[in-house]
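Text of the file target.cif, holding mmCIF, C-alpha atoms:
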data_final
#
loop_
_atom_site.group_PDB
_atom_site.id
_atom_site.type_symbol
_atom_site.label_atom_id
_atom_site.label_comp_id
_atom_site.auth_asym_id
_atom_site.auth_seq_id
_atom_site.Cartn_x
_atom_site.Cartn_y
_atom_site.Cartn_z
ATOM 1 C CA MET C 23 115.921 81.370 88.437
ATOM 2 C CA GLN C 24 112.433 81.424 89.872
ATOM 3 C CA GLY C 25 111.337 85.032 89.476
ATOM 4 C CA VAL C 26 109.778 87.240 92.109
ATOM 5 C CA PRO C 27 106.254 86.632 93.463
ATOM 6 C CA LEU C 28 103.567 88.812 91.969
ATOM 7 C CA SER C 29 102.661 90.173 95.406
ATOM 8 C CA TRP C 30 105.999 91.992 95.556
ATOM 9 C CA TYR C 31 104.947 94.077 92.602
ATOM 10 C CA LEU C 32 101.732 94.880 94.452
ATOM 11 C CA ILE C 33 103.682 95.802 97.585
ATOM 12 C CA LEU C 34 105.920 98.107 95.544
ATOM 13 C CA SER C 35 102.744 99.653 94.189
ATOM 14 C CA ALA C 36 101.467 100.087 97.769
ATOM 15 C CA ILE C 37 104.727 101.773 98.807
ATOM 16 C CA LEU C 38 104.523 104.225 95.909
ATOM 17 C CA PHE C 39 100.849 104.905 96.619
ATOM 18 C CA ALA C 40 101.524 105.567 100.311
ATOM 19 C CA LEU C 41 104.353 107.938 99.373
ATOM 20 C CA GLY C 42 101.977 109.722 97.028
ATOM 21 C CA VAL C 43 99.395 110.081 99.797
ATOM 22 C CA ALA C 44 102.083 111.415 102.145
ATOM 23 C CA GLY C 45 103.237 113.959 99.584
ATOM 24 C CA PHE C 46 99.670 114.990 98.862
ATOM 25 C CA LEU C 47 98.918 115.590 102.533
ATOM 26 C CA PHE C 48 102.145 117.129 103.790
ATOM 27 C CA ARG C 49 103.464 119.299 101.002
ATOM 28 C CA ARG C 50 102.526 122.953 100.760
ATOM 29 C CA SER C 51 103.475 123.775 97.180
ATOM 30 C CA ILE C 52 100.511 123.219 94.867
ATOM 31 C CA ILE C 53 102.748 121.890 92.075
ATOM 32 C CA THR C 54 104.266 119.232 94.331
ATOM 33 C CA VAL C 55 100.796 118.251 95.534
ATOM 34 C CA PHE C 56 99.881 117.791 91.900
ATOM 35 C CA MET C 57 102.941 115.645 91.269
ATOM 36 C CA SER C 58 101.985 113.461 94.248
ATOM 37 C CA ILE C 59 98.671 112.775 92.524
ATOM 38 C CA GLU C 60 100.582 111.639 89.440
ATOM 39 C CA LEU C 61 102.672 109.375 91.676
ATOM 40 C CA MET C 62 99.508 107.757 93.063
ATOM 41 C CA LEU C 63 98.135 107.226 89.546
ATOM 42 C CA ASN C 64 101.393 105.565 88.546
ATOM 43 C CA ALA C 65 101.272 103.262 91.563
ATOM 44 C CA VAL C 66 97.771 102.147 90.610
ATOM 45 C CA ASN C 67 98.929 101.591 87.025
ATOM 46 C CA LEU C 68 101.595 99.191 88.287
ATOM 47 C CA SER C 69 98.881 97.216 90.090
ATOM 48 C CA PHE C 70 96.798 97.060 86.916
ATOM 49 C CA VAL C 71 99.706 95.731 84.876
ATOM 50 C CA ALA C 72 100.602 93.185 87.575
ATOM 51 C CA PHE C 73 97.039 91.868 87.711
ATOM 52 C CA SER C 74 96.985 91.773 83.944
ATOM 53 C CA TYR C 75 100.013 89.474 84.122
ATOM 54 C CA GLN C 76 98.335 87.241 86.674
ATOM 55 C CA PHE C 77 95.131 86.768 84.696
ATOM 56 C CA LYS C 78 96.979 86.676 81.345
ATOM 57 C CA GLN C 79 94.612 89.232 79.829
ATOM 58 C CA VAL C 80 95.209 92.600 78.202
ATOM 59 C CA ASP C 81 92.388 94.380 80.065
ATOM 60 C CA GLY C 82 94.712 95.733 82.753
ATOM 61 C CA HIS C 83 96.950 97.260 80.116
ATOM 62 C CA LEU C 84 93.958 98.980 78.547
ATOM 63 C CA PHE C 85 92.897 100.384 81.896
ATOM 64 C CA THR C 86 96.440 101.679 82.347
ATOM 65 C CA PHE C 87 96.122 103.285 78.948
ATOM 66 C CA PHE C 88 92.879 105.011 79.943
ATOM 67 C CA VAL C 89 94.413 106.142 83.236
ATOM 68 C CA MET C 90 97.283 107.705 81.264
ATOM 69 C CA VAL C 91 94.861 109.589 79.025
ATOM 70 C CA VAL C 92 92.841 110.825 81.982
ATOM 71 C CA ALA C 93 96.057 111.832 83.760
ATOM 72 C CA ALA C 94 97.121 113.834 80.714
ATOM 73 C CA ALA C 95 93.758 115.612 80.605
ATOM 74 C CA GLU C 96 93.914 116.213 84.341
ATOM 75 C CA ALA C 97 97.449 117.597 84.122
ATOM 76 C CA ALA C 98 96.498 119.999 81.323
ATOM 77 C CA VAL C 99 93.428 121.353 83.100
ATOM 78 C CA GLY C 100 95.048 121.336 86.537
ATOM 79 C CA LEU C 101 98.121 123.210 85.421
ATOM 80 C CA ALA C 102 95.909 125.755 83.644
ATOM 81 C CA ILE C 103 94.057 126.234 86.936
ATOM 82 C CA ILE C 104 97.386 126.645 88.749
ATOM 83 C CA LEU C 105 98.401 129.305 86.207
ATOM 84 C CA THR C 106 95.139 131.187 86.751
ATOM 85 C CA VAL C 107 95.416 130.950 90.533
ATOM 86 C CA PHE C 108 98.981 132.208 90.419
ATOM 87 C CA ARG C 109 97.969 135.085 88.195
ATOM 88 C CA ASN C 110 95.228 136.147 90.600
ATOM 89 C CA ARG C 111 96.808 135.416 93.994
ATOM 90 C CA ALA C 112 100.561 135.496 93.249
ATOM 91 C CA THR C 113 101.191 132.486 95.473
ATOM 92 C CA LEU C 114 101.654 128.748 95.110
ATOM 93 C CA ASN C 115 101.225 127.949 98.807
ATOM 94 C CA ILE C 116 98.031 125.998 99.369
ATOM 95 C CA ASP C 117 97.729 127.393 102.909
ATOM 96 C CA GLU C 118 97.129 130.829 101.424
ATOM 97 C CA ILE C 119 94.598 129.659 98.844
ATOM 98 C CA ASN C 120 91.755 128.932 101.237
ATOM 99 C CA SER C 121 88.873 131.183 100.181
ATOM 100 C CA LEU C 122 86.665 128.189 99.473
ATOM 101 C CA LYS C 123 87.294 126.732 102.909
ATOM 102 C CA TYR C 124 85.454 129.273 105.049
ATOM 103 C CA MET K 18 118.295 87.922 86.137
ATOM 104 C CA ASP K 19 114.770 89.290 86.330
ATOM 105 C CA VAL K 20 114.895 89.112 90.138
ATOM 106 C CA PHE K 21 117.957 91.338 90.050
ATOM 107 C CA LEU K 22 116.263 93.715 87.586
ATOM 108 C CA PHE K 23 113.120 93.853 89.710
ATOM 109 C CA PHE K 24 115.063 94.787 92.831
ATOM 110 C CA LEU K 25 117.244 97.309 91.018
ATOM 111 C CA PHE K 26 114.345 99.182 89.451
ATOM 112 C CA ALA K 27 112.059 98.814 92.462
ATOM 113 C CA ALA K 28 114.809 100.418 94.557
ATOM 114 C CA ILE K 29 115.205 103.216 91.997
ATOM 115 C CA ALA K 30 111.445 103.785 91.980
ATOM 116 C CA VAL K 31 111.184 103.919 95.774
ATOM 117 C CA ILE K 32 114.229 106.181 96.209
ATOM 118 C CA CYS K 33 112.986 108.573 93.541
ATOM 119 C CA ALA K 34 109.480 108.555 95.048
ATOM 120 C CA VAL K 35 110.890 109.416 98.479
ATOM 121 C CA ASN K 36 112.866 112.178 96.797
ATOM 122 C CA VAL K 37 109.673 113.527 95.185
ATOM 123 C CA VAL K 38 108.137 113.889 98.631
ATOM 124 C CA VAL K 39 111.110 115.263 100.581
ATOM 125 C CA GLN K 40 112.634 117.742 98.105
ATOM 126 C CA THR K 41 111.629 121.334 98.731
ATOM 127 C CA HIS K 42 112.277 122.616 95.231
ATOM 128 C CA PRO K 43 109.565 121.676 92.697
ATOM 129 C CA ILE K 44 112.031 121.088 89.864
ATOM 130 C CA SER K 45 113.876 118.458 91.939
ATOM 131 C CA SER K 46 110.564 116.760 92.655
ATOM 132 C CA ALA K 47 109.695 116.808 88.961
ATOM 133 C CA LEU K 48 113.008 115.238 87.918
ATOM 134 C CA SER K 49 112.650 112.556 90.603
ATOM 135 C CA LEU K 50 109.162 111.823 89.288
ATOM 136 C CA VAL K 51 110.679 111.259 85.844
ATOM 137 C CA GLY K 52 112.969 108.701 87.515
ATOM 138 C CA VAL K 53 109.980 106.918 89.069
ATOM 139 C CA MET K 54 108.255 106.775 85.686
ATOM 140 C CA GLY K 55 111.329 105.399 83.925
ATOM 141 C CA ALA K 56 111.776 102.700 86.566
ATOM 142 C CA LEU K 57 108.092 101.803 86.306
ATOM 143 C CA ALA K 58 108.438 101.494 82.532
ATOM 144 C CA VAL K 59 111.137 98.847 83.041
ATOM 145 C CA LEU K 60 108.903 97.006 85.520
ATOM 146 C CA TYR K 61 106.091 97.036 82.942
ATOM 147 C CA LEU K 62 108.512 95.456 80.484
ATOM 148 C CA LEU K 63 109.331 92.744 83.035
ATOM 149 C CA LEU K 64 105.593 92.089 83.355
ATOM 150 C CA GLY K 65 105.278 91.712 79.595
ATOM 151 C CA GLY K 66 103.722 95.070 78.768
ATOM 152 C CA GLU K 67 105.938 96.312 75.983
ATOM 153 C CA PHE K 68 103.421 98.728 74.495
ATOM 154 C CA ILE K 69 102.429 100.181 77.833
ATOM 155 C CA ALA K 70 106.103 100.631 78.786
ATOM 156 C CA MET K 71 106.677 102.691 75.649
ATOM 157 C CA ALA K 72 103.490 104.668 76.284
ATOM 158 C CA GLN K 73 104.664 105.306 79.838
ATOM 159 C CA VAL K 74 107.951 106.750 78.616
ATOM 160 C CA ILE K 75 106.421 108.774 75.778
ATOM 161 C CA VAL K 76 103.220 110.021 77.406
ATOM 162 C CA TYR K 77 104.159 110.320 81.066
ATOM 163 C CA ALA K 78 107.866 111.052 81.129
ATOM 164 C CA GLY K 79 107.785 112.776 77.767
ATOM 165 C CA ALA K 80 104.603 114.806 77.657
ATOM 166 C CA ILE K 81 103.079 115.222 81.101
ATOM 167 C CA MET K 82 106.336 115.930 82.910
ATOM 168 C CA VAL K 83 107.374 118.440 80.256
ATOM 169 C CA LEU K 84 104.079 120.205 80.918
ATOM 170 C CA PHE K 85 104.909 120.269 84.637
ATOM 171 C CA ILE K 86 108.394 121.611 84.023
ATOM 172 C CA PHE K 87 107.031 124.283 81.675
ATOM 173 C CA VAL K 88 104.646 125.456 84.369
ATOM 174 C CA ILE K 89 107.385 125.441 87.023
ATOM 175 C CA MET K 90 109.581 127.578 84.761
ATOM 176 C CA LEU K 91 106.699 129.839 83.757
ATOM 177 C CA LEU K 92 105.702 130.553 87.354
ATOM 178 C CA ASN K 93 109.326 130.727 88.488
ATOM 179 C CA ALA K 94 108.409 128.464 91.392
ATOM 180 C CA GLY K 95 111.126 128.497 94.012
ATOM 181 C CA GLU K 96 111.696 126.780 97.327
ATOM 182 C CA GLU K 97 108.533 126.068 99.199
ATOM 183 C CA SER K 98 108.069 128.153 102.334
ATOM 184 C CA LYS K 99 108.362 126.257 105.595
ATOM 185 C CA GLN K 100 105.456 127.353 107.698
ATOM 186 C CA SER K 101 103.550 124.248 108.550
ATOM 187 C CA LYS K 102 102.117 124.890 111.981
ATOM 188 C CA SER K 103 100.061 121.740 112.148
ATOM 189 C CA LEU K 104 100.952 119.580 115.150
ATOM 190 C CA VAL K 105 98.977 116.670 113.714
ATOM 191 C CA ALA K 106 101.167 116.664 110.623
ATOM 192 C CA GLN K 107 104.360 116.833 112.698
ATOM 193 C CA PHE K 108 103.599 113.991 115.056
ATOM 194 C CA LEU K 109 101.265 111.725 113.096
ATOM 195 C CA GLY K 110 102.785 112.166 109.637
ATOM 196 C CA ILE K 111 105.429 109.449 109.509
ATOM 197 C CA PRO K 112 103.541 106.961 111.756
ATOM 198 C CA GLY K 113 100.439 107.520 109.634
ATOM 199 C CA PHE K 114 102.436 106.818 106.477
ATOM 200 C CA PHE K 115 103.758 103.551 107.886
ATOM 201 C CA ALA K 116 100.301 102.605 109.190
ATOM 202 C CA LEU K 117 98.810 103.044 105.714
ATOM 203 C CA LEU K 118 101.677 101.055 104.221
ATOM 204 C CA VAL K 119 101.293 98.197 106.723
ATOM 205 C CA VAL K 120 97.533 98.018 106.147
ATOM 206 C CA LEU K 121 97.992 97.871 102.376
ATOM 207 C CA ALA K 122 100.816 95.308 102.549
ATOM 208 C CA PHE K 123 98.870 93.161 105.031
ATOM 209 C CA GLY K 124 95.851 93.204 102.734
ATOM 210 C CA ILE K 125 97.963 92.223 99.734
ATOM 211 C CA LEU K 126 99.731 89.365 101.510
ATOM 212 C CA ARG K 127 96.421 88.178 102.967
ATOM 213 C CA LEU K 128 94.652 88.210 99.612
ATOM 214 C CA PHE K 129 97.534 86.594 97.710
ATOM 215 C CA PRO K 130 99.297 84.235 100.122
ATOM 216 C CA ASN K 131 100.863 82.204 97.324
ATOM 217 C CA ALA K 132 100.843 84.471 94.335
ATOM 218 C CA PRO K 133 102.343 83.109 91.123
ATOM 219 C CA ARG K 134 105.919 83.999 90.341
ATOM 220 C CA VAL K 135 106.629 86.462 87.581
ATOM 221 C CA ARG K 136 108.816 85.083 84.840
ATOM 222 C CA PHE K 137 109.934 87.344 82.063
ATOM 223 C CA GLY K 138 108.588 86.218 78.703
ATOM 224 C CA GLU K 139 105.710 84.127 80.011
ATOM 225 C CA PHE K 140 103.035 86.663 79.100
ATOM 226 C CA THR K 141 103.681 88.071 75.646
ATOM 227 C CA SER K 142 100.188 88.793 74.338
ATOM 228 C CA ALA K 143 100.138 92.445 75.372
ATOM 229 C CA GLY K 144 101.807 93.893 72.309
ATOM 230 C CA ALA K 145 100.441 96.701 70.198
ATOM 231 C CA GLU K 146 98.449 94.326 67.980
ATOM 232 C CA GLU K 147 96.494 92.633 70.788
ATOM 233 C CA LEU K 148 95.969 95.900 72.636
ATOM 234 C CA GLY K 149 94.706 97.616 69.505
ATOM 235 C CA ARG K 150 92.355 94.781 68.678
ATOM 236 C CA SER K 151 90.879 94.824 72.168
ATOM 237 C CA LEU K 152 90.753 98.619 72.289
ATOM 238 C CA PHE K 153 88.777 98.955 69.079
ATOM 239 C CA THR K 154 86.342 96.100 69.677
ATOM 240 C CA GLN K 155 85.634 95.381 73.321
ATOM 241 C CA TYR K 156 86.611 98.802 74.670
ATOM 242 C CA LEU K 157 85.359 100.946 71.813
ATOM 243 C CA LEU K 158 82.828 102.898 73.880
ATOM 244 C CA PRO K 159 85.336 103.859 76.651
ATOM 245 C CA PHE K 160 87.783 104.822 73.917
ATOM 246 C CA GLU K 161 85.268 107.194 72.323
ATOM 247 C CA VAL K 162 84.323 108.643 75.708
ATOM 248 C CA VAL K 163 87.987 109.265 76.467
ATOM 249 C CA THR K 164 88.473 111.066 73.155
ATOM 250 C CA VAL K 165 85.611 113.413 74.017
ATOM 251 C CA LEU K 166 87.115 113.901 77.484
ATOM 252 C CA ILE K 167 90.483 114.884 76.116
ATOM 253 C CA LEU K 168 88.872 117.283 73.642
ATOM 254 C CA ILE K 169 87.039 118.953 76.546
ATOM 255 C CA ALA K 170 90.316 119.081 78.488
ATOM 256 C CA ILE K 171 92.113 120.812 75.604
ATOM 257 C CA VAL K 172 89.393 123.431 75.224
ATOM 258 C CA GLY K 173 89.154 123.872 78.996
ATOM 259 C CA ALA K 174 92.897 124.344 79.396
ATOM 260 C CA ILE K 175 92.947 126.996 76.680
ATOM 261 C CA VAL K 176 89.957 128.809 78.181
ATOM 262 C CA LEU K 177 91.425 128.715 81.674
ATOM 263 C CA ALA K 178 94.946 129.743 80.787
ATOM 264 C CA ARG K 179 94.285 132.572 78.317
ATOM 265 C CA LYS K 180 94.678 136.175 79.375
ATOM 266 C CA GLU K 181 91.510 138.082 80.157
ATOM 267 C CA MET K 182 90.753 140.578 77.419
ATOM 268 C CA ASP K 183 89.112 143.700 78.759
#
Represent the supplied structure as structure tokens.
Amino acid sequence: MQGVPLSWYLILSAILFALGVAGFLFRRSIITVFMSIELMLNAVNLSFVAFSYQFKQVDGHLFTFFVMVVAAAEAAVGLAIILTVFRNRATLNIDEINSLKY
Amino acid sequence: MDVFLFFLFAAIAVICAVNVVVQTHPISSALSLVGVMGALAVLYLLLGGEFIAMAQVIVYAGAIMVLFIFVIMLLNAGEESKQSKSLVAQFLGIPGFFALLVVLAFGILRLFPNAPRVRFGEFTSAGAEELGRSLFTQYLLPFEVVTVLILIAIVGAIVLARKEMD
């Protein structure tokens, strides 16, 4: 058995990233938008690990590790912001949270 | 065998990712995202990243998604209201998605026309020992910066989420 080419892993990563972008742009619920960001981070992590395999170095794994830590920090702060927004505006629809836009 | 495993878990990841985007209820999206993360953990294992696969399951699927589900339950988030009036989103959404995908895939295949094949067990030096050694020597400064960042995030989350005392 030969194994799959490395570029297929990268293409899978591209598919997941594009789905994350689509979810980020087209969904209206702020929580789902947030989950799309996590999906994009995961897609990039897969690329890091695949490149780490190609170059036979652990650096990609460490970057993945840092991305995980930053994602955890981002999730904690972001969800706290969502809680505060919901408390003040009583909505989760990003179309109605547009005071900063105008 | 690893070809079969790659296709199985790549298919699971893609189906769950599509489900994340198309489901209207946030809890369904969250559970599908857990599926994506589990499938990605198996793919990391196939690429030789045993430590990072465990960290993916524990940190992402275990901690971050639980945080999401807590917030969904706390806010009692229901079905998302359908009121997108944007014509651009209706007509350019799916073609735009495929355009982005084609551009990315074209770039990948152009940059790596004959990429090496992935064989399970060929790259084994990404265990906890090697990662720890590299993390605490070569990447010590980023590690310390990240610890400060996560401390700030903890304090910030508490400050943001507490009730205002009048």
At a cut-off of 8 Å, list the chain C residues touching chain K, using all atoms listed in the file, as a PyMOL selection string.
chain C and resi 23-29+32-34+36-38+40-42+44-45+48-51+53-54+57-58+61+64+68+71-72+75-76+78-80+83-84+86-88+90-92+94-99+101-103+105-106+108+114-115
Give me a file of those residues, with C-alpha atoms, as a short mmCIF file (atom, residue, chain, number, x, y, z; two decimals), in the coordinates of the input.
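Now in selection-v7.cif:
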data_model
loop_
_atom_site.label_atom_id
_atom_site.label_comp_id
_atom_site.auth_asym_id
_atom_site.auth_seq_id
_atom_site.Cartn_x
_atom_site.Cartn_y
_atom_site.Cartn_z
CA MET C 23 115.92 81.37 88.44
CA GLN C 24 112.43 81.42 89.87
CA GLY C 25 111.34 85.03 89.48
CA VAL C 26 109.78 87.24 92.11
CA PRO C 27 106.25 86.63 93.46
CA LEU C 28 103.57 88.81 91.97
CA SER C 29 102.66 90.17 95.41
CA LEU C 32 101.73 94.88 94.45
CA ILE C 33 103.68 95.80 97.58
CA LEU C 34 105.92 98.11 95.54
CA ALA C 36 101.47 100.09 97.77
CA ILE C 37 104.73 101.77 98.81
CA LEU C 38 104.52 104.22 95.91
CA ALA C 40 101.52 105.57 100.31
CA LEU C 41 104.35 107.94 99.37
CA GLY C 42 101.98 109.72 97.03
CA ALA C 44 102.08 111.42 102.14
CA GLY C 45 103.24 113.96 99.58
CA PHE C 48 102.14 117.13 103.79
CA ARG C 49 103.46 119.30 101.00
CA ARG C 50 102.53 122.95 100.76
CA SER C 51 103.48 123.78 97.18
CA ILE C 53 102.75 121.89 92.08
CA THR C 54 104.27 119.23 94.33
CA MET C 57 102.94 115.64 91.27
CA SER C 58 101.98 113.46 94.25
CA LEU C 61 102.67 109.38 91.68
CA ASN C 64 101.39 105.56 88.55
CA LEU C 68 101.60 99.19 88.29
CA VAL C 71 99.71 95.73 84.88
CA ALA C 72 100.60 93.18 87.58
CA TYR C 75 100.01 89.47 84.12
CA GLN C 76 98.34 87.24 86.67
CA LYS C 78 96.98 86.68 81.34
CA GLN C 79 94.61 89.23 79.83
CA VAL C 80 95.21 92.60 78.20
CA HIS C 83 96.95 97.26 80.12
CA LEU C 84 93.96 98.98 78.55
CA THR C 86 96.44 101.68 82.35
CA PHE C 87 96.12 103.28 78.95
CA PHE C 88 92.88 105.01 79.94
CA MET C 90 97.28 107.70 81.26
CA VAL C 91 94.86 109.59 79.03
CA VAL C 92 92.84 110.82 81.98
CA ALA C 94 97.12 113.83 80.71
CA ALA C 95 93.76 115.61 80.60
CA GLU C 96 93.91 116.21 84.34
CA ALA C 97 97.45 117.60 84.12
CA ALA C 98 96.50 120.00 81.32
CA VAL C 99 93.43 121.35 83.10
CA LEU C 101 98.12 123.21 85.42
CA ALA C 102 95.91 125.76 83.64
CA ILE C 103 94.06 126.23 86.94
CA LEU C 105 98.40 129.30 86.21
CA THR C 106 95.14 131.19 86.75
CA PHE C 108 98.98 132.21 90.42
CA LEU C 114 101.65 128.75 95.11
CA ASN C 115 101.22 127.95 98.81
#
Point-to-point distance in Å for CA of Ile29 (chain K) and CA of Ala56 (chain K):
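Going from CA of Ala56 (chain K) over to CA of Ile29 (chain K), I get 6.4 Å.
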What does the distance from CA of Ser35 (chain C) to CA of Glu146 (chain K) come to in Å, to one decimal?
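Going from CA of Ser35 (chain C) over to CA of Glu146 (chain K), I get 27.1 Å.
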Grab all the atoms of region 157-174 of chain K that the file lists, wrap them in a box along x, y and z, add 5 Å per side, and give me centre plus edge lengths in Å (one decimal) as lines of an AutoDock Vina configuration file.
center_x = 87.9
center_y = 112.6
center_z = 75.6
size_x = 20.1
size_y = 33.4
size_z = 17.6
Residue with the minimum atom-to-atom distance to Thr113 (chain C), picked from K:Asn93, K:Pro112, K:Val165, K:Gly138 with only C-alpha atoms counted, is K:Asn93
Could you check how far CA of Glu181 (chain K) sits from CA of Gly100 (chain C), in Å to one decimal?
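CA of Gly100 (chain C) lies 18.3 Å from CA of Glu181 (chain K).
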Out of C:Tyr124, C:Phe46, C:Ala93, C:Asp117, which residue has the shortest atom-to-atom distance to Val66 (chain C) when counting all atoms listed in the file?
C:Ala93
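Among the candidate residues C:Val55, C:Glu60, C:Val43, C:Ser69, the one lying nearest to Trp30 (chain C) is C:Ser69, with distances computed using only C-alpha atoms.
Comparing the minimum interatomic distances between Val59 (chain K) and each of K:Ile75, K:Leu158, K:Leu22, K:Leu109, counting all atoms listed in the file, we find that K:Leu22 sits nearest.
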